[in-house]
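Have a look at the structure below before the remarks.
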4 protein chains.
Amino acid sequence: MRESEPGGRPRAREVGIALGALPPGPRNAITDVGGVRVGHATIARGSGPLIRGVGPVRTGVTAILPHEGDLFAAKVPAAAAVFNGFGKTVGLVQIAELGQLETPVLLTNTLNVGRVADALVGYMIERHPAIGVTTGTVNPVVAECNDGYLNDIGGRHVGEAEVRAALAGARAGAVPEGNVGAGTGMMAYGYAGGIGSASRLAGADGAAGAGYTVGALVLANFGRRRDLLIGARRWAANWPNRDRRVRASPAWGRASRAR
Amino acid sequence: MRESEPGGRPRAREVGIALGALPPGPRNAITDVGGVRVGHATIARGSGPLIRGVGPVRTGVTAILPHEGDLFAAKVPAAAAVFNGFGKTVGLVQIAELGQLETPVLLTNTLNVGRVADALVGYMIERHPAIGVTTGTVNPVVAECNDGYLNDIGGRHVGEAEVRAALAGARAGAVPEGNVGAGTGMMAYGYAGGIGSASRLAGADGAAGAGYTVGALVLANFGRRRDLLIGARRWAANWPNRDRRVRASPAWGRASRAR
Amino acid sequence: MRESEPGGRPRAREVGIALGALPPGPRNAITDVGGVRVGHATIARGSGPLIRGVGPVRTGVTAILPHEGDLFAAKVPAAAAVFNGFGKTVGLVQIAELGQLETPVLLTNTLNVGRVADALVGYMIERHPAIGVTTGTVNPVVAECNDGYLNDIGGRHVGEAEVRAALAGARAGAVPEGNVGAGTGMMAYGYAGGIGSASRLAGADGAAGAGYTVGALVLANFGRRRDLLIGARRWAANWPNRDRRVRASPAWGRASRAR
Amino acid sequence: MRESEPGGRPRAREVGIALGALPPGPRNAITDVGGVRVGHATIARGSGPLIRGVGPVRTGVTAILPHEGDLFAAKVPAAAAVFNGFGKTVGLVQIAELGQLETPVLLTNTLNVGRVADALVGYMIERHPAIGVTTGTVNPVVAECNDGYLNDIGGRHVGEAEVRAALAGARAGAVPEGNVGAGTGMMAYGYAGGIGSASRLAGADGAAGAGYTVGALVLANFGRRRDLLIGARRWAANWPNRDRRVRASPAWGRASRAR
C-alpha cells in the first residue's frame with residue numbers, strides 16, 4: 001500500500017482548458033468546500049498474468065469526509081441520484097429515506113464493496129460504542145467502479161487496513177487525482193481514468209461569484225476512446241494510441257505498465 | 001452454529017386462524033413456488049452481559065434460492081419495493097435498473113450486511129471464475145433487520161462459514177420459522193419474532209384457484225405489543241407477558257440487561 | 001353544485017373509538033395545522049340509468065390550501081409518497097425534484113384530473129400574470145380516486161366553476177367529511193367513503209404532547225366489506241347491509257344499475 | 001392550425017454530420033420502428049405584443065402512437081425515466097407501477113398539459129365507452145416543454161380540435177421536424193428548437209446490424225448558445241447571431257420573426 005501523489009502532470013486549466021462558465025474555488029477541488037477532506041489508500045503490487053487472490057493488484061479506496069467533526073453525532077443533509085443504475089453502491093436507500101449521511105463516503109472497486117462497508121462499520125463502532133447497543137445502527141455508504149481490467153478484482157484486496165489508512169490520511173488541500181485510491185485501476189475513454197475533483201463558486205442566484213462553493217469528486221471508469229471530448233474537442237485524434245502500446249505488452253498491462 | 005428447527009409450535013392455521021381469502025399452497029410456504037429453496041444458519045451462544053465482539057450471540061443468516069439452477073447463468077426477473085427506507089439492504093439499485101436477480105437473496109442482521117455480501121461475492125466467484133475477468137461483476141443481494149436487543153450485533157458474528165452453511169443447507173419443503181437463521185434474535189410486537197413464510201394460490205384473474213403460486217418469506221422485527229393484531233383480534237390482552245419472562249431468563253442473550 | 005355539510009353523524013371518537021396513542025388537536029382535522037384551509041365543491045344531481053355526459057352526477061372537488069398567504073410567492077416545502085402507483089395524480093414529478101408546492105392541492109375524480117388541473121392553472125395565472133411571461137410556469141397538483149360506480153365519471157362534470165368554488169370556500173375550522181367535495185361519489189369497504197381528516201399532537205421526540213401538529217386529509221375509495229376493521233374490530237358483521245339498500249334507492253346515482 | 005412540414009432544410013447526415021456508431025434505419029426516425037406513427041397539429045397566428053389569451057400563438061401538440069391497433073385493448077410495455085424533474089408530465093406514476101402504456105403519448109406546452117390530457121381522455125372514452133363504466137379508468141400520458149418566449153403560453157391555445165387533428169394525422173414515414181406540433185414555439189441553444197427524431201439499428205448483442213430498431217423523438221427546448229455542440233464542434237461561433245435579431249424585434253419576438 002502506498003499513499004500515491006499524482007506525478008506532477010498538469011491539470012486542465014494549467015494547459016488552457018477551462019470548462020464551464022462559473023469560476024473555480026482556490027484549489028478547484030471538493031476540498032474548497034469548508035471542512036471537506038479526502039484521503040486515498042492505493043495498492044499497486046505484482047505483475048504478470050492474473051492469479052485470482054494474488055494479483056496483479058491495482059486498486060484502492062478513497063474516503064470523503066464531509067466535515068471535520070463527528071459524523072455520527074452531527075449528521076449531514078444528503079441526497080443521492082442514480083443515473084445509470086448498473087452499479088453496486090450501498091447506503092443509498094437510507095439516504096433517500098432520511099436525507100442524512102452519518103459516515104464518510106468511501107469509493108472502491110465493485111467486488112470490494114462488502115469488505116469495505118464492513119470495515120467502515122467497524123471504524124464507526126470503534127468511535128461510537130453505543131451503536132447497536134443503546135442507539136440504533138449505522139448506515140455505511142460505499143460506491144464503486146469496476147477496475148477488473150487492470151486489477152485482480154475478484155481478490156477483494158482492499159481490507160480494513162486500507163480503509164483505515166484512507167480515513168486517517170484524509171486532509172484538506174489539493175486532492176490527489178488520477179490513478180490513486182479507488183482510481184488506481186480505473187480507465188476512462190481508453191486512457192488511465194480514476195479520481196478527479198473540481199469546484200465552482202456560485203452566487204445565491206446561480207450567477208458566478210461569492211455565495212456558494214460547489215465541490216465534486218469523480219471516480220471515472222467509462223467511455224470509448226472515439227467518444228472522448230475535452231473542452232468540446234476530440235483530442236484523441238491527435239494523441240498517440242497508448243492503448244495499443246499497453247495492449248502490446250506481453251503481460252497485458254496488469255503488469256509492467258509504468259504509470 | 002446450529003441448524004435450528006422450530007420446536008413443534010403450531011402455525012396459525014393449525015389453531016384456527018386463517019388469514020385472507022385465497023387458499024394457501026400445500027406447505028403454506030415460499031417453497032410452494034417450484035424450485036425455491038430456503039436455508040438457515042443460526043448462531044446462539046453465550047449468555048450474561050454484553051461484551052462487544054464476544055457475545056451473547058443470537059443471530060444468523062437466511063438464504064433464499066429462487067431456482068435450482070445456476071443463478072448467475074440463468075438470472076431471474078426481479079423487482080424490489082422499499083416501504084420504510086430506514087434500512088441497509090444491498091443490491092436494490094441494480095435490481096431496479098436491470099430487473100434481474102443473479103445471486104441468492106440473503107437476510108442477516110443490520111451490521112453484518114457487508115460481511116455477508118462479501119461472503120456471497122466469494123461464493124459466486126468460486127462457482128463462476130469468469131466474474132470480474134472475462135465477464136462483468138456480480139450484484140449480491142442482502143437485506144437485514146436489527147437484532148441488537150438480544151444479539152451482540154456490533155460483533156458481526158455471521159461470516160463466510162455461516163453464509164456457506166445457509167446456502168448449502170437450502171432445501172424445498174417446510175420452511176423452519178421463528179428464531180432461526182436471520183430471525184434468531186429478532187422480536188416483533190414485543191414477542192420473539194423472526195422468520196415466517198406463507199403461500200397463496202391465485203387464478204390468472206386474481207381469484208382463488210390454480211394458476212399462480214405466490215410465496216412470501218418475512219423477517220419480522222417491528223411493532224409494539226399494544227398494536228398486535230392477529231386475524232383482526234388483539235390477542236395480547238389475553239396472553240401472559242412472556243417478554244418479562246424472557247428478559248428474566250439467565251440464558252437468553254442480553255436478557256438481564258436493563259434496557 | 002352544493003356546498004355540502006355532513007349530516008350530523010358522529011365522528012369515531014364521539015362513539016368511543018380512539019385510534020392510536022397520540023392525542024388529537026382541537027378539531028382532530030388537518031386544519032389544526034396553523035393556516036391550513038379546506039374547501040369542497042359538490043355536485044349531486046340526476047338519478048336513474050347512466051347517460052354519459054348527462055348523469056347521474058355524484059362527484060366534486062376538494063381543495064387544501066397549506067397557508068393563508070400567496071402560495072406561488074411563498075412556496076411550501078413538500079414531499080409526496082406513492083404507495084400503490086395505480087393512480088393518475090399530476091404534479092408529483094416536480095415536487096420530487098424541487099421539494100416545493102406552489103399551488104393548492106386539489107382532489108377530484110380520476111377522469112376529471114386534466115380539466116381540474118387546467119382550471120387550477122387558470123386560477124394561478126389570474127393571480128400571477130407573470131407566470132409564463134416574465135417568470136417560469138406553474139406546477140398544478142391534483143390527485144384523484146375513481147367514483148365511477150355512483151358517478152358519470154366519463155362526463156368530467158367538475159369544471160372551472162367548481163374548482164373556483166372549492167378554492168373560494170376554503171376555510172379553517174371543522175372539515176366537512178364523508179360524501180362531500182371529491183368524496184361525493186366515493187365508496188370504501190362497501191359503504192359510503194369519501195373525505196376524512198384527523199390530526200395528532202407530537203413532541204419533538206415523537207412522544208405525545210406539545211411540539212408538532214400533524215394533520216391528514218384522506219380521500220377513501222377502496223376495500224371490501226369483509227376486510228373492514230375499525231379500532232381492531234370487524235364491525236361489519238354487526239351492521240345492516242346498507243350497501244344493498246343504497247343500490248335499491250331510486251335517487252342515489254346509478255343505484256339501480258346491475259353491476 | 002396548420003399541419004406543418006419542414007421547409008426542405010437538410011438533416012444533419014445530409015450535410016455530413018453522422019452521430020454515433022450504429023447505423024440509422026431507413027428514415028432515421030422513430031417511425032422506423034414498425035407500427036409507430038407521429039402526428040402534429042401546429043398553431044401559428046398573430047403578431048405584435050403579447051395579449052394573454054389572444055396571442056401571438058406559436059404552439060401545438062405532437063402525438064406518438066406506438067402501434068396501429070387499439071392501444072387501450074392492446075397495451076404496450078412502457079417505462080419512463082426522469083432526468084431533470086423540473087417538468088409537468090402526467091401519467092408517469094402509473095407507467096412506473098404497471099409498466100404499461102394505454103394511450104398515445106402527447107407532447108405540448110407546459111401550461112396546456114391539463115387541457116390536452118382532458119382531450120386525450122375524451123378521445124379514449126369515445127373509442128372505449130366502457131371506460132369508467134364496466135372497466136377501469138384510463139391513464140393519459142402527456143409531456144411538455146415551455147414555449148413561453150415565443151408563445152402566449154398562458155392562453156392554453158391547444159384544445160380538443162388540435163389534439164384530435166394530431167391524432168388523426170398521425171402517420172408512418174418521415175417525421176416532420178423542427179418548429180412543428182409541440183415544437184412550434186420551442187428554442188434550443190438560442191436557436192429555433194422543437195421536434196427531432198432518429199433511429200438506430202442494433203444487433204441482439206448491442207453491435208450494429210439487424211436485430212432491433214431503436215427510435216427516438218425529442219422535443220428540444222433548452223441550452224445556451226455558447227454550449228451548443230454538434231458532432232463535437234462548436235458551430236455557433238461561425239453562425240450569425242440570429243438570437244440578437246429576434247431580440248431586437250420591437251414586438252417581443254413573438255412576432256414578426258420569419259421562421
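Note on naming: chains are A, B, ... as they come in the C-alpha cells, residues start from 1 per chain, ligands start from 1 in the order shown.
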Using only C-alpha atoms, find each residue of chain A with at least one atom at most 7 Å away from an atom of chain B; report its shortest atom-to-atom pair and that distance in Å (one decimal), sort the rows by chain and rising residue number, and return the result as JSON lines.
{"residue": "A:Gly85", "atom": "CA", "partner": "B:Glu97", "partner_atom": "CA", "distance": 5.0}
{"residue": "A:Phe86", "atom": "CA", "partner": "B:Gln94", "partner_atom": "CA", "distance": 5.0}
{"residue": "A:Gly87", "atom": "CA", "partner": "B:Gln94", "partner_atom": "CA", "distance": 5.8}
{"residue": "A:Lys88", "atom": "CA", "partner": "B:Gly91", "partner_atom": "CA", "distance": 6.1}
{"residue": "A:Val90", "atom": "CA", "partner": "B:Val90", "partner_atom": "CA", "distance": 5.5}
{"residue": "A:Gly91", "atom": "CA", "partner": "B:Lys88", "partner_atom": "CA", "distance": 6.1}
{"residue": "A:Val93", "atom": "CA", "partner": "B:Gly85", "partner_atom": "CA", "distance": 5.7}
{"residue": "A:Gln94", "atom": "CA", "partner": "B:Phe86", "partner_atom": "CA", "distance": 5.0}
{"residue": "A:Glu97", "atom": "CA", "partner": "B:Gly85", "partner_atom": "CA", "distance": 5.0}
{"residue": "A:Leu111", "atom": "CA", "partner": "B:Thr137", "partner_atom": "CA", "distance": 6.9}
{"residue": "A:Gly114", "atom": "CA", "partner": "B:Gly114", "partner_atom": "CA", "distance": 4.0}
{"residue": "A:Arg115", "atom": "CA", "partner": "B:Asp118", "partner_atom": "CA", "distance": 5.7}
{"residue": "A:Ala117", "atom": "CA", "partner": "B:Gly114", "partner_atom": "CA", "distance": 5.2}
{"residue": "A:Asp118", "atom": "CA", "partner": "B:Gly114", "partner_atom": "CA", "distance": 4.6}
{"residue": "A:Val121", "atom": "CA", "partner": "B:Leu111", "partner_atom": "CA", "distance": 7.0}
{"residue": "A:Gly132", "atom": "CA", "partner": "B:Gly148", "partner_atom": "CA", "distance": 5.4}
{"residue": "A:Val133", "atom": "CA", "partner": "B:Gly148", "partner_atom": "CA", "distance": 6.3}
{"residue": "A:Thr137", "atom": "CA", "partner": "B:Leu111", "partner_atom": "CA", "distance": 6.9}
{"residue": "A:Asn139", "atom": "CA", "partner": "B:Lys88", "partner_atom": "CA", "distance": 6.4}
{"residue": "A:Gly148", "atom": "CA", "partner": "B:Gly132", "partner_atom": "CA", "distance": 5.4}
{"residue": "A:Ile153", "atom": "CA", "partner": "B:Gly132", "partner_atom": "CA", "distance": 6.1}
{"residue": "A:Gly154", "atom": "CA", "partner": "B:Gly132", "partner_atom": "CA", "distance": 6.0}
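Backbone DSSP over region 2-80 of chain D gives strand (DSSP E or B) for Arg2, Arg37, Val38, Gly39, His40, Ala41, Thr42, Ile43, Ala44, Arg45, Ile51, Gly55, Val57, Arg58, Thr59, Gly60, Val61, Thr62, Ala63, Ile64, Leu65, Val76 and Pro77 of chain D.
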Contacts of Pro77 (chain D) at 9 Å or less, counting only C-alpha atoms, minus same-chain residues fewer than 2 places along, as a list in words? Lys75, Ala79, Ile95, Leu98, Gly99, Gln100 and Leu101 of chain D
DSSP on the backbone: which residues in region 27-138 of chain C end up as alpha helix (DSSP H)? Give the answer as a PyMOL selection string. chain C and resi 92-98+113-127
Please write the residues from the selection above to a file, keeping C-alpha atoms, as a PDB file, in the first residue's frame.
ATOM      1  CA  LEU C  92     -45.586  14.781  -8.227  1.00  0.00           C
ATOM      2  CA  VAL C  93     -42.550  14.707 -10.513  1.00  0.00           C
ATOM      3  CA  GLN C  94     -41.688  18.337  -9.837  1.00  0.00           C
ATOM      4  CA  ILE C  95     -42.393  18.012  -6.109  1.00  0.00           C
ATOM      5  CA  ALA C  96     -39.855  15.178  -6.025  1.00  0.00           C
ATOM      6  CA  GLU C  97     -37.284  17.326  -7.840  1.00  0.00           C
ATOM      7  CA  LEU C  98     -37.745  20.708  -6.170  1.00  0.00           C
ATOM      8  CA  VAL C 113     -57.851  15.442 -13.363  1.00  0.00           C
ATOM      9  CA  GLY C 114     -56.949  17.185 -16.622  1.00  0.00           C
ATOM     10  CA  ARG C 115     -59.856  19.576 -16.505  1.00  0.00           C
ATOM     11  CA  VAL C 116     -59.261  20.383 -12.830  1.00  0.00           C
ATOM     12  CA  ALA C 117     -55.526  20.881 -13.387  1.00  0.00           C
ATOM     13  CA  ASP C 118     -56.301  23.256 -16.230  1.00  0.00           C
ATOM     14  CA  ALA C 119     -58.698  25.213 -14.031  1.00  0.00           C
ATOM     15  CA  LEU C 120     -56.021  25.413 -11.340  1.00  0.00           C
ATOM     16  CA  VAL C 121     -53.524  26.764 -13.873  1.00  0.00           C
ATOM     17  CA  GLY C 122     -56.073  29.392 -14.865  1.00  0.00           C
ATOM     18  CA  TYR C 123     -56.636  30.336 -11.222  1.00  0.00           C
ATOM     19  CA  MET C 124     -52.892  30.699 -10.617  1.00  0.00           C
ATOM     20  CA  ILE C 125     -52.298  32.760 -13.776  1.00  0.00           C
ATOM     21  CA  GLU C 126     -55.105  35.098 -12.867  1.00  0.00           C
ATOM     22  CA  ARG C 127     -53.395  35.843  -9.548  1.00  0.00           C
TER      23      ARG C 127
END
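The smallest atom-to-atom distance between Ala198 (chain B) and any of B:Arg27, B:Ile17, B:Pro176, B:Gly169, using only C-alpha atoms, is found for B:Arg27.
For the residues D:Gly48, D:Pro10, D:Pro24, D:Gly159, ranking by smallest atom-to-atom distance to Gly178 (chain D) using only C-alpha atoms places D:Pro10 first.
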